[in-house]
file data_21.pdb (PDB, C-alpha atoms)
ATOM      1  CA  MET A 227       5.479  53.426-152.337
ATOM      2  CA  PRO A 228       7.669  52.658-149.324
ATOM      3  CA  LYS A 229       6.421  53.874-145.978
ATOM      4  CA  LEU A 230       8.439  56.521-144.228
ATOM      5  CA  LYS A 231       9.815  55.356-140.896
ATOM      6  CA  VAL A 232       8.500  57.452-138.055
ATOM      7  CA  PRO A 233      11.285  58.124-135.534
ATOM      8  CA  ASP A 234      10.691  56.748-132.072
ATOM      9  CA  ALA A 235       9.621  59.313-129.518
ATOM     10  CA  PRO A 236      12.253  59.980-126.863
ATOM     11  CA  PRO A 237      11.508  58.181-123.590
ATOM     12  CA  ALA A 238       9.661  60.289-121.044
ATOM     13  CA  LEU A 239      11.611  61.584-118.073
ATOM     14  CA  THR A 240      10.672  60.422-114.598
ATOM     15  CA  GLU A 241      10.775  63.197-112.023
ATOM     16  CA  VAL A 242      12.084  62.911-108.467
ATOM     17  CA  GLY A 243      11.357  65.930-106.290
ATOM     18  CA  MET A 244      12.865  67.157-103.008
ATOM     19  CA  MET A 245      10.654  69.085-100.584
ATOM     20  CA  LEU A 246      12.736  71.880 -99.041
ATOM     21  CA  TYR A 247      11.948  73.532 -95.724
ATOM     22  CA  PRO A 248      13.871  75.806 -93.310
ATOM     23  CA  ASP A 249      17.005  74.136 -91.897
ATOM     24  CA  CYS A 250      16.575  70.958 -93.944
ATOM     25  CA  GLN A 251      19.732  68.955 -94.645
ATOM     26  CA  ILE A 252      21.125  70.722 -97.711
ATOM     27  CA  GLY A 253      24.024  68.261 -97.926
ATOM     28  CA  MET A 254      21.513  65.462 -98.474
ATOM     29  CA  VAL A 255      19.558  67.508-101.029
ATOM     30  CA  HIS A 256      22.627  68.265-103.133
ATOM     31  CA  GLY A 257      24.183  64.824-102.604
ATOM     32  CA  ILE A 258      21.157  62.861-103.765
ATOM     33  CA  THR A 259      20.706  65.331-106.642
ATOM     34  CA  ASP A 260      24.234  64.442-107.775
ATOM     35  CA  LEU A 261      23.496  60.728-107.286
ATOM     36  CA  PHE A 262      20.463  60.955-109.572
ATOM     37  CA  HIS A 263      22.478  62.963-112.125
ATOM     38  CA  ILE A 264      25.166  60.259-112.205
ATOM     39  CA  ALA A 265      22.532  57.525-112.476
ATOM     40  CA  GLY A 266      20.974  59.433-115.380
ATOM     41  CA  ARG A 267      24.259  59.401-117.293
ATOM     42  CA  PHE A 268      24.473  55.625-116.931
ATOM     43  CA  ALA A 269      20.809  55.332-117.898
ATOM     44  CA  VAL A 270      21.470  57.130-121.184
ATOM     45  CA  ASP A 271      24.247  54.609-121.918
ATOM     46  CA  HIS A 272      21.567  51.911-121.606
ATOM     47  CA  GLY A 273      19.182  53.743-123.939
ATOM     48  CA  ARG A 274      16.967  54.994-121.120
ATOM     49  CA  ALA A 275      15.924  58.489-120.148
ATOM     50  CA  PRO A 276      17.691  60.175-117.221
ATOM     51  CA  ILE A 277      15.928  61.251-114.046
ATOM     52  CA  ARG A 278      14.525  64.758-113.857
ATOM     53  CA  VAL A 279      15.429  66.174-110.436
ATOM     54  CA  SER A 280      13.531  69.071-108.910
ATOM     55  CA  HIS A 281      13.563  70.984-105.621
ATOM     56  CA  TRP A 282      10.288  72.410-104.316
ATOM     57  CA  ARG A 283       9.797  75.270-101.873
ATOM     58  CA  LEU A 284       6.746  76.651-100.075
ATOM     59  CA  GLN A 285       5.830  80.047-101.541
ATOM     60  CA  ASP A 286       5.021  83.129 -99.461
ATOM     61  CA  GLY A 287       1.484  83.155-100.814
ATOM     62  CA  GLY A 288       1.010  79.418-100.235
ATOM     63  CA  GLY A 289       1.500  76.503-102.587
ATOM     64  CA  PHE A 290       4.734  74.868-103.697
ATOM     65  CA  ALA A 291       6.858  75.632-106.760
ATOM     66  CA  ARG A 292      10.115  74.368-108.224
ATOM     67  CA  CYS A 293      13.159  76.379-107.158
ATOM     68  CA  PHE A 294      15.514  74.028-109.025
ATOM     69  CA  ASP A 295      14.903  71.880-112.079
ATOM     70  CA  SER A 296      17.530  69.745-113.817
ATOM     71  CA  HIS A 297      15.416  69.870-117.007
ATOM     72  CA  PRO A 298      13.679  73.270-117.030
ATOM     73  CA  GLU A 299      12.789  72.882-120.689
ATOM     74  CA  GLU A 300      10.419  70.017-119.856
ATOM     75  CA  PRO A 301       6.662  70.616-119.300
ATOM     76  CA  GLY A 302       5.672  71.624-115.776
ATOM     77  CA  GLY A 303       3.277  69.360-113.894
ATOM     78  CA  ASN A 304       3.038  69.359-110.125
ATOM     79  CA  SER A 305       3.296  65.697-109.110
ATOM     80  CA  PRO A 306       6.763  64.086-109.306
ATOM     81  CA  ALA A 307       6.814  60.302-109.490
ATOM     82  CA  VAL A 308       8.765  60.292-106.216
ATOM     83  CA  LEU A 309       8.832  63.074-103.627
ATOM     84  CA  ILE A 310      11.442  63.098-100.845
ATOM     85  CA  ALA A 311      11.299  64.879 -97.489
ATOM     86  CA  PRO A 312      14.912  65.402 -96.347
ATOM     87  CA  GLY A 313      16.053  65.411 -92.737
ATOM     88  CA  SER A 314      17.552  68.269 -90.758
ATOM     89  CA  LEU A 315      20.845  68.819 -88.947
ATOM     90  CA  HIS A 316      19.332  71.362 -86.576
ATOM     91  CA  LYS A 317      15.644  70.928 -85.727
ATOM     92  CA  LEU A 318      12.565  68.932 -86.592
ATOM     93  CA  LEU A 319       9.483  70.493 -88.101
ATOM     94  CA  GLU A 320       7.195  71.319 -85.188
ATOM     95  CA  ALA A 321       3.525  70.349 -85.206
ATOM     96  CA  ASP A 322       2.387  73.837 -86.252
ATOM     97  CA  GLU A 323       5.130  74.268 -88.878
ATOM     98  CA  VAL A 324       4.576  70.944 -90.612
ATOM     99  CA  VAL A 325       0.921  71.488 -91.566
ATOM    100  CA  PRO A 326       1.377  72.967 -95.098
ATOM    101  CA  TYR A 327       4.131  70.447 -95.887
ATOM    102  CA  ALA A 328       2.061  67.485 -94.710
ATOM    103  CA  ARG A 329      -0.970  68.707 -96.654
ATOM    104  CA  TRP A 330       1.091  68.982 -99.859
ATOM    105  CA  LEU A 331       2.610  65.531 -99.377
ATOM    106  CA  LEU A 332      -0.860  64.090 -98.791
ATOM    107  CA  ASP A 333      -2.192  65.742-101.949
ATOM    108  CA  ARG A 334       0.700  64.447-104.039
ATOM    109  CA  HIS A 335       0.277  60.935-102.624
ATOM    110  CA  ALA A 336      -3.385  61.023-103.637
ATOM    111  CA  GLN A 337      -2.202  61.753-107.205
ATOM    112  CA  GLY A 338       0.017  58.642-107.263
ATOM    113  CA  THR A 339       3.336  60.070-106.073
ATOM    114  CA  THR A 340       5.535  57.714-104.057
ATOM    115  CA  LEU A 341       6.586  59.505-100.868
ATOM    116  CA  ALA A 342      10.015  59.080 -99.299
ATOM    117  CA  SER A 343      11.936  60.525 -96.382
ATOM    118  CA  ASN A 344      15.424  60.563 -94.975
ATOM    119  CA  CYS A 345      16.350  60.951 -91.308
ATOM    120  CA  GLY A 346      13.965  63.396 -89.575
ATOM    121  CA  GLY A 347      12.005  63.903 -92.772
ATOM    122  CA  SER A 348       9.920  60.972 -91.549
ATOM    123  CA  PHE A 349       8.180  63.394 -89.161
ATOM    124  CA  ALA A 350       6.711  65.238 -92.152
ATOM    125  CA  LEU A 351       5.482  61.958 -93.663
ATOM    126  CA  ALA A 352       3.988  60.829 -90.351
ATOM    127  CA  ALA A 353       2.159  64.152 -90.003
ATOM    128  CA  THR A 354       0.117  63.216 -93.090
ATOM    129  CA  GLY A 355      -1.418  60.269 -91.232
ATOM    130  CA  LEU A 356      -0.346  57.921 -94.030
ATOM    131  CA  LEU A 357       2.075  56.000 -91.797
ATOM    132  CA  SER A 358      -0.575  55.018 -89.253
ATOM    133  CA  GLY A 359      -0.236  51.293 -88.541
ATOM    134  CA  ARG A 360       2.679  50.987 -90.949
ATOM    135  CA  PRO A 361       6.439  50.486 -90.443
ATOM    136  CA  ALA A 362       8.843  53.417 -90.729
ATOM    137  CA  THR A 363      12.387  54.315 -89.761
ATOM    138  CA  THR A 364      14.215  57.504 -88.826
ATOM    139  CA  HIS A 365      17.521  58.554 -87.288
ATOM    140  CA  TRP A 366      18.049  56.658 -84.026
ATOM    141  CA  PHE A 367      18.531  60.001 -82.221
ATOM    142  CA  PHE A 368      14.929  61.005 -83.037
ATOM    143  CA  ALA A 369      13.312  57.593 -82.506
ATOM    144  CA  GLU A 370      11.897  58.197 -79.024
ATOM    145  CA  GLU A 371      10.502  61.604 -79.934
ATOM    146  CA  PHE A 372       8.954  60.061 -83.046
ATOM    147  CA  LYS A 373       7.267  57.365 -80.955
ATOM    148  CA  ALA A 374       5.914  60.001 -78.572
ATOM    149  CA  ARG A 375       4.483  62.119 -81.416
ATOM    150  CA  PHE A 376       3.222  59.252 -83.564
ATOM    151  CA  PRO A 377       2.469  56.242 -81.333
ATOM    152  CA  ASP A 378       0.333  54.617 -84.046
ATOM    153  CA  VAL A 379       3.348  54.209 -86.387
ATOM    154  CA  ARG A 380       5.499  51.081 -86.119
ATOM    155  CA  MET A 381       8.876  52.722 -85.558
ATOM    156  CA  GLU A 382      11.753  50.383 -86.503
ATOM    157  CA  ALA A 383      14.782  52.591 -85.945
ATOM    158  CA  ASP A 384      17.233  49.715 -86.412
ATOM    159  CA  ARG A 385      16.307  49.558 -90.100
ATOM    160  CA  MET A 386      18.283  51.571 -92.663
ATOM    161  CA  VAL A 387      15.574  51.654 -95.371
ATOM    162  CA  ILE A 388      11.966  50.487 -95.237
ATOM    163  CA  ASP A 389      10.371  50.231 -98.665
ATOM    164  CA  ASP A 390       6.642  49.856 -98.110
ATOM    165  CA  GLY A 391       5.513  50.270-101.700
ATOM    166  CA  ASP A 392       4.038  53.741-101.905
ATOM    167  CA  ILE A 393       6.115  55.079 -98.990
ATOM    168  CA  ILE A 394       9.868  54.674 -98.416
ATOM    169  CA  THR A 395      11.657  55.818 -95.255
ATOM    170  CA  ALA A 396      15.422  55.880 -94.643
ATOM    171  CA  GLY A 397      17.213  56.165 -91.298
ATOM    172  CA  GLY A 398      20.344  58.149 -90.461
ATOM    173  CA  LEU A 399      21.824  61.295 -91.965
ATOM    174  CA  MET A 400      23.828  59.421 -94.602
ATOM    175  CA  ALA A 401      21.063  56.912 -95.339
ATOM    176  CA  TRP A 402      20.182  59.126 -98.300
ATOM    177  CA  THR A 403      22.761  57.087-100.242
ATOM    178  CA  ASP A 404      20.768  53.894 -99.579
ATOM    179  CA  LEU A 405      17.518  55.712-100.324
ATOM    180  CA  GLY A 406      18.932  57.102-103.565
ATOM    181  CA  LEU A 407      20.070  53.672-104.766
ATOM    182  CA  ARG A 408      16.692  52.165-103.907
ATOM    183  CA  ILE A 409      14.918  54.827-105.973
ATOM    184  CA  VAL A 410      17.378  54.428-108.862
ATOM    185  CA  GLU A 411      16.771  50.680-108.859
ATOM    186  CA  ARG A 412      13.019  51.281-109.014
ATOM    187  CA  LEU A 413      13.133  53.839-111.799
ATOM    188  CA  LEU A 414      16.118  52.745-113.898
ATOM    189  CA  GLY A 415      16.706  49.114-113.004
ATOM    190  CA  PRO A 416      19.378  47.116-111.152
ATOM    191  CA  SER A 417      22.135  47.505-113.759
ATOM    192  CA  VAL A 418      22.056  51.309-113.598
ATOM    193  CA  MET A 419      21.835  51.137-109.803
ATOM    194  CA  MET A 420      24.941  48.926-109.624
ATOM    195  CA  GLU A 421      26.925  51.178-111.962
ATOM    196  CA  THR A 422      25.931  54.215-109.894
ATOM    197  CA  ALA A 423      26.942  52.475-106.666
ATOM    198  CA  ARG A 424      30.322  51.452-108.090
ATOM    199  CA  PHE A 425      31.015  54.972-109.366
ATOM    200  CA  LEU A 426      30.197  56.485-105.957
ATOM    201  CA  LEU A 427      31.900  53.656-104.003
ATOM    202  CA  ILE A 428      28.660  52.863-102.166
ATOM    203  CA  ASP A 429      27.907  49.330-100.995
ATOM    204  CA  PRO A 430      24.686  48.286-102.776
ATOM    205  CA  SER A 431      24.025  45.616-100.108
ATOM    206  CA  GLY A 432      22.939  42.876-102.495
ATOM    207  CA  ARG A 433      20.303  44.936-104.301
ATOM    208  CA  GLU A 434      21.781  44.063-107.687
ATOM    209  CA  GLN A 435      19.450  41.088-108.192
ATOM    210  CA  LYS A 436      16.384  42.226-110.049
ATOM    211  CA  ASN A 437      14.260  39.300-108.957
ATOM    212  CA  TYR A 438      14.917  40.098-105.309
ATOM    213  CA  ALA A 439      13.951  43.762-105.637
ATOM    214  CA  SER A 440      11.197  45.221-103.493
ATOM    215  CA  PHE A 441       7.703  45.355-104.949
ATOM    216  CA  ALA A 442       7.282  48.749-106.626
ATOM    217  CA  PRO A 443       3.581  49.190-107.419
ATOM    218  CA  ARG A 444       2.522  51.310-110.387
ATOM    219  CA  LEU A 445       0.913  54.407-108.861
ATOM    220  CA  THR A 446       0.979  57.050-111.593
ATOM    221  CA  HIS A 447      -1.698  55.554-113.849
ATOM    222  CA  GLY A 448      -4.254  58.277-113.103
ATOM    223  CA  ASP A 449      -7.184  56.024-112.140
ATOM    224  CA  GLU A 450      -8.152  57.557-108.794
ATOM    225  CA  ALA A 451     -10.535  54.763-107.771
ATOM    226  CA  ILE A 452      -7.868  52.105-108.317
ATOM    227  CA  LEU A 453      -5.221  54.255-106.608
ATOM    228  CA  LYS A 454      -7.511  54.518-103.579
ATOM    229  CA  VAL A 455      -7.663  50.712-103.386
ATOM    230  CA  GLN A 456      -3.874  50.430-103.753
ATOM    231  CA  HIS A 457      -3.337  52.786-100.832
ATOM    232  CA  TRP A 458      -5.978  50.886 -98.838
ATOM    233  CA  LEU A 459      -4.252  47.564 -99.508
ATOM    234  CA  GLN A 460      -0.828  48.933 -98.604
ATOM    235  CA  GLY A 461      -2.200  50.294 -95.341
ATOM    236  CA  LYS A 462      -3.838  46.953 -94.439
ATOM    237  CA  GLY A 463      -0.510  45.138 -94.646
ATOM    238  CA  ALA A 464      -0.229  41.392 -95.123
ATOM    239  CA  GLY A 465      -3.185  39.053 -95.220
ATOM    240  CA  PRO A 466      -5.758  37.776 -97.674
ATOM    241  CA  VAL A 467      -8.221  40.270 -99.137
ATOM    242  CA  ALA A 468     -11.213  39.223-101.219
ATOM    243  CA  VAL A 469     -11.609  40.782-104.657
ATOM    244  CA  GLY A 470     -15.172  41.661-103.681
ATOM    245  CA  ALA A 471     -13.892  43.717-100.743
ATOM    246  CA  MET A 472     -11.500  45.566-103.052
ATOM    247  CA  ALA A 473     -14.278  46.242-105.551
ATOM    248  CA  ALA A 474     -16.472  47.569-102.737
ATOM    249  CA  GLU A 475     -13.652  49.892-101.609
ATOM    250  CA  ALA A 476     -13.440  51.195-105.182
ATOM    251  CA  GLY A 477     -17.219  51.508-105.420
ATOM    252  CA  MET A 478     -17.406  49.306-108.515
ATOM    253  CA  GLU A 479     -19.009  46.125-109.745
ATOM    254  CA  GLU A 480     -16.492  43.294-109.383
ATOM    255  CA  ARG A 481     -15.952  42.563-113.067
ATOM    256  CA  THR A 482     -15.446  46.247-113.883
ATOM    257  CA  PHE A 483     -13.047  46.573-110.973
ATOM    258  CA  GLN A 484     -10.912  43.630-112.106
ATOM    259  CA  ARG A 485     -10.678  45.005-115.636
ATOM    260  CA  ARG A 486      -9.718  48.504-114.509
ATOM    261  CA  PHE A 487      -7.303  47.233-111.863
ATOM    262  CA  LYS A 488      -5.401  45.141-114.424
ATOM    263  CA  ALA A 489      -5.318  48.036-116.890
ATOM    264  CA  ALA A 490      -3.979  50.437-114.251
ATOM    265  CA  THR A 491      -1.460  48.271-112.404
ATOM    266  CA  GLY A 492      -0.505  45.595-114.929
ATOM    267  CA  MET A 493      -1.570  42.892-112.446
ATOM    268  CA  THR A 494      -4.758  41.175-111.434
ATOM    269  CA  PRO A 495      -5.982  42.072-107.924
ATOM    270  CA  VAL A 496      -4.981  38.616-106.675
ATOM    271  CA  GLU A 497      -1.449  38.937-108.098
ATOM    272  CA  TYR A 498      -1.105  42.388-106.571
ATOM    273  CA  VAL A 499      -2.060  41.175-103.089
ATOM    274  CA  GLN A 500       0.320  38.225-103.470
ATOM    275  CA  HIS A 501       3.192  40.635-104.113
ATOM    276  CA  ILE A 502       2.300  42.679-101.036
ATOM    277  CA  ARG A 503       2.162  39.545 -98.862
ATOM    278  CA  VAL A 504       5.465  38.206-100.205
ATOM    279  CA  GLY A 505       7.006  41.635 -99.581
ATOM    280  CA  LYS A 506       5.945  41.453 -95.928
ATOM    281  CA  ALA A 507       7.293  37.901 -95.759
ATOM    282  CA  ARG A 508      10.685  39.112 -97.006
ATOM    283  CA  GLU A 509      10.854  41.576 -94.129
ATOM    284  CA  LEU A 510      10.056  38.852 -91.595
ATOM    285  CA  LEU A 511      12.710  36.552 -93.072
ATOM    286  CA  GLU A 512      15.288  39.338 -92.965
ATOM    287  CA  PHE A 513      14.627  40.743 -89.511
ATOM    288  CA  THR A 514      12.936  38.096 -87.325
ATOM    289  CA  ARG A 515      13.687  34.604 -86.023
ATOM    290  CA  ARG A 516      10.338  33.133 -87.091
ATOM    291  CA  THR A 517      10.407  29.835 -88.940
ATOM    292  CA  VAL A 518       9.288  29.733 -92.556
ATOM    293  CA  ASP A 519       5.996  28.146 -91.504
ATOM    294  CA  GLN A 520       5.443  30.941 -88.948
ATOM    295  CA  VAL A 521       6.253  33.560 -91.581
ATOM    296  CA  ALA A 522       3.719  31.954 -93.927
ATOM    297  CA  TRP A 523       1.028  32.076 -91.241
ATOM    298  CA  SER A 524       1.942  35.695 -90.370
ATOM    299  CA  VAL A 525       1.194  36.829 -93.912
ATOM    300  CA  GLY A 526      -2.026  34.859 -94.155
ATOM    301  CA  TYR A 527      -1.012  31.541 -95.745
ATOM    302  CA  GLU A 528      -2.260  28.474 -93.857
ATOM    303  CA  ASP A 529      -0.627  26.165 -96.411
ATOM    304  CA  ALA A 530       3.131  26.653 -95.932
ATOM    305  CA  ALA A 531       3.921  24.548 -99.015
ATOM    306  CA  ALA A 532       1.782  26.818-101.198
ATOM    307  CA  PHE A 533       3.516  29.840 -99.641
ATOM    308  CA  ARG A 534       6.966  28.409-100.440
ATOM    309  CA  LYS A 535       5.933  27.826-104.065
ATOM    310  CA  LEU A 536       4.545  31.359-104.454
ATOM    311  CA  PHE A 537       7.572  32.924-102.741
ATOM    312  CA  HIS A 538       9.943  31.137-105.118
ATOM    313  CA  ARG A 539       7.898  32.147-108.160
ATOM    314  CA  ILE A 540       7.994  35.837-107.205
ATOM    315  CA  THR A 541      11.543  36.157-105.813
ATOM    316  CA  GLY A 542      13.435  33.372-107.596
ATOM    317  CA  LEU A 543      14.548  31.970-104.232
ATOM    318  CA  SER A 544      13.086  29.662-101.627
ATOM    319  CA  PRO A 545      12.315  31.341 -98.279
ATOM    320  CA  GLY A 546      15.301  29.571 -96.724
ATOM    321  CA  GLU A 547      17.646  30.701 -99.515
ATOM    322  CA  TYR A 548      16.326  34.232 -99.208
ATOM    323  CA  ARG A 549      17.022  34.293 -95.466
ATOM    324  CA  GLN A 550      20.548  32.962 -95.992
ATOM    325  CA  ARG A 551      21.287  35.712 -98.498
ATOM    326  CA  PHE A 552      19.543  38.742 -97.024
ATOM    327  CA  SER A 553      18.973  38.360 -93.286
ATOM    328  CA  THR A 554      21.005  40.407 -90.834
ATOM    329  CA  PRO A 555      24.004  38.584 -89.302
ATOM    330  CA  THR A 556      22.334  38.598 -85.868
ATOM    331  CA  THR A 557      19.088  37.135 -87.148
ATOM    332  CA  LEU A 558      20.923  34.493 -89.173
ATOM    333  CA  ALA A 559      22.926  33.411 -86.105
ATOM    334  CA  GLU A 560      19.754  33.216 -83.998
ATOM    335  CA  VAL A 561      17.913  30.949 -86.454
ATOM    336  CA  ALA A 562      20.886  28.759 -87.284
TER     337      ALA A 562
END
call {"tool": "encode", "arguments": {"input": "data_21.pdb", "output": "structure tokens"}}
result
Amino acid sequence: MPKLKVPDAPPALTEVGMMLYPDCQIGMVHGITDLFHIAGRFAVDHGRAPIRVSHWRLQDGGGFARCFDSHPEEPGGNSPAVLIAPGSLHKLLEADEVVPYARWLLDRHAQGTTLASNCGGSFALAATGLLSGRPATTHWFFAEEFKARFPDVRMEADRMVIDDGDIITAGGLMAWTDLGLRIVERLLGPSVMMETARFLLIDPSGREQKNYASFAPRLTHGDEAILKVQHWLQGKGAGPVAVGAMAAEAGMEERTFQRRFKAATGMTPVEYVQHIRVGKARELLEFTRRTVDQVAWSVGYEDAAAFRKLFHRITGLSPGEYRQRFSTPTTLAEVA
């Protein structure tokens, strides 16, 4: 008797949330909502699920709830895959105002949500403490105030978007277009991102090459011990880390840790750290005048030849080719 074919289950929707607060930039909220809607239409043409977009507001009795949902028929849940803090045209969240927002962002991050901000929304992310020792950007107008409030954050206000794995920050008021394309590329791939950019007449700035895309770690696997190590690694930045040290951070025996890490992230611990280090190397090639050997040493590789080989394997380009393609015009002129 022939077997009946079981229809494939529809692909699960990935949710991107926007955290609303008084006087936040509504133009950005609605604009990036439209961007994700357009990207979703192209995604369907490629046989992929669209993005579920939600807006979240602090309730009078405490806690956050959706006040907009592009797919209200879908099951609830309280942790979007990506959660964005928009900027403001009028005022920044003051230290006393930001507390419930920062606490919610911190809780969501602990559940595997990638956090993002645009413009002054970076102040809400910094209030969580998660940006300590890490690079971030904001609107140039707010840069000095940001440095005064959060001196432990590496403010790089000349950058449009800084993708640091589990946290993404974008600069000026209209940088939400760059942020939106970066998130679309992560969730739906470079082809959908390019089609979205062409439809909206936005310059994708070379992000169409999949093998040059920023490292997007898998954070929604639900293994809290492994997620803790991922956040710890991202906070440490570039440099070699022993598997034993990672296992100790997770509170596991080394063999158990390696098995669970691979199951959760799809990579071995060594591969994962290599991707983080190459990601930091990309930033140095794009924005500094350091030689390739100096970049290799900066991210913990004493053997520059081994670094070049690893960089090419991960990105598809040599470090020199990568700099030629992606460095800023000023940096390129300085190293020429």
call {"tool": "closest_residue", "arguments": {"input": "data_21.pdb", "among": "A:Leu399, A:Gly303, A:Val379, A:Asn344", "to": "Pro361 of chain A", "atoms": "only C-alpha atoms"}}
result
A:Val379
call {"tool": "closest_residue", "arguments": {"input": "data_21.pdb", "among": "A:Trp366, A:Cys345, A:Glu509, A:Gly338", "to": "Lys317 of chain A", "atoms": "only C-alpha atoms"}}
result
A:Cys345
call {"tool": "atom_distance", "arguments": {"input": "data_21.pdb", "atom1": "atom CA of Leu357 of chain A", "atom2": "atom CA of Ile388 of chain A"}}
result
11.8 Å
call {"tool": "atom_distance", "arguments": {"input": "data_21.pdb", "atom1": "atom CA of Gly253 of chain A", "atom2": "atom CA of Leu315 of chain A"}}
result
9.5 Å
call {"tool": "closest_residue", "arguments": {"input": "data_21.pdb", "among": "A:Leu239, A:Ala531, A:Ala265, A:Val499", "to": "Gly302 of chain A", "atoms": "only C-alpha atoms"}}
result
A:Leu239
call {"tool": "residues_around", "arguments": {"input": "data_21.pdb", "residues": "Gly398 of chain A", "least_positions_apart": "4", "cutoff": "10 Å", "atoms": "all atoms listed in the file", "output": "list in words"}}
result
Gly313, Asn344, Cys345, Gly346, Thr363, Thr364, His365, Trp366, Phe367, Phe368, Ala383, Asp384, Arg385, Met386, Val387 and Trp402 of chain A
call {"tool": "residues_near_point", "arguments": {"input": "data_21.pdb", "point": "(-14.9, 47.9, -101.5)", "cutoff": "12 Å", "atoms": "all atoms listed in the file", "output": "list in words"}}
result
Ala451, Ile452, Lys454, Val455, Gln456, Trp458, Leu459, Val467, Ala468, Val469, Gly470, Ala471, Met472, Ala473, Ala474, Glu475, Ala476, Gly477, Met478, Glu479, Glu480 and Phe483 of chain A
call {"tool": "write_last_selection", "arguments": {"input": "data_21.pdb", "atoms": "C-alpha atoms", "output": "short mmCIF file (atom, residue, chain, number, x, y, z; two decimals), keeping the file's coordinate frame"}}
result
data_model
loop_
_atom_site.label_atom_id
_atom_site.label_comp_id
_atom_site.auth_asym_id
_atom_site.auth_seq_id
_atom_site.Cartn_x
_atom_site.Cartn_y
_atom_site.Cartn_z
CA ALA A 451 -10.54 54.76 -107.77
CA ILE A 452 -7.87 52.10 -108.32
CA LYS A 454 -7.51 54.52 -103.58
CA VAL A 455 -7.66 50.71 -103.39
CA GLN A 456 -3.87 50.43 -103.75
CA TRP A 458 -5.98 50.89 -98.84
CA LEU A 459 -4.25 47.56 -99.51
CA VAL A 467 -8.22 40.27 -99.14
CA ALA A 468 -11.21 39.22 -101.22
CA VAL A 469 -11.61 40.78 -104.66
CA GLY A 470 -15.17 41.66 -103.68
CA ALA A 471 -13.89 43.72 -100.74
CA MET A 472 -11.50 45.57 -103.05
CA ALA A 473 -14.28 46.24 -105.55
CA ALA A 474 -16.47 47.57 -102.74
CA GLU A 475 -13.65 49.89 -101.61
CA ALA A 476 -13.44 51.20 -105.18
CA GLY A 477 -17.22 51.51 -105.42
CA MET A 478 -17.41 49.31 -108.52
CA GLU A 479 -19.01 46.12 -109.74
CA GLU A 480 -16.49 43.29 -109.38
CA PHE A 483 -13.05 46.57 -110.97
#
call {"tool": "atom_distance", "arguments": {"input": "data_21.pdb", "atom1": "atom CA of Ser280 of chain A", "atom2": "atom CA of Glu382 of chain A"}}
result
29.2 Å
call {"tool": "resolve_selection", "arguments": {"input": "data_21.pdb", "expression": "the PyMOL selection byres ((chain A and resi 360) around 9)", "output": "mmCIF file with C-alpha atoms, in the coordinates of the input"}}
result
data_model
loop_
_atom_site.group_PDB
_atom_site.id
_atom_site.type_symbol
_atom_site.label_atom_id
_atom_site.label_comp_id
_atom_site.auth_asym_id
_atom_site.auth_seq_id
_atom_site.Cartn_x
_atom_site.Cartn_y
_atom_site.Cartn_z
ATOM 1 C CA LEU A 356 -0.346 57.921 -94.030
ATOM 2 C CA LEU A 357 2.075 56.000 -91.797
ATOM 3 C CA SER A 358 -0.575 55.018 -89.253
ATOM 4 C CA GLY A 359 -0.236 51.293 -88.541
ATOM 5 C CA PRO A 361 6.439 50.486 -90.443
ATOM 6 C CA ALA A 362 8.843 53.417 -90.729
ATOM 7 C CA ASP A 378 0.333 54.617 -84.046
ATOM 8 C CA VAL A 379 3.348 54.209 -86.387
ATOM 9 C CA ARG A 380 5.499 51.081 -86.119
ATOM 10 C CA MET A 381 8.876 52.722 -85.558
ATOM 11 C CA ASP A 390 6.642 49.856 -98.110
ATOM 12 C CA GLN A 460 -0.828 48.933 -98.604
ATOM 13 C CA GLY A 461 -2.200 50.294 -95.341
ATOM 14 C CA LYS A 462 -3.838 46.953 -94.439
ATOM 15 C CA GLY A 463 -0.510 45.138 -94.646
#
call {"tool": "resolve_selection", "arguments": {"input": "data_21.pdb", "expression": "the PyMOL selection byres ((chain A and resi 283-292) around 9)", "output": "MDAnalysis selection string"}}
result
chainID A and resid 243:247 280:282 293:295 304 326:327 330
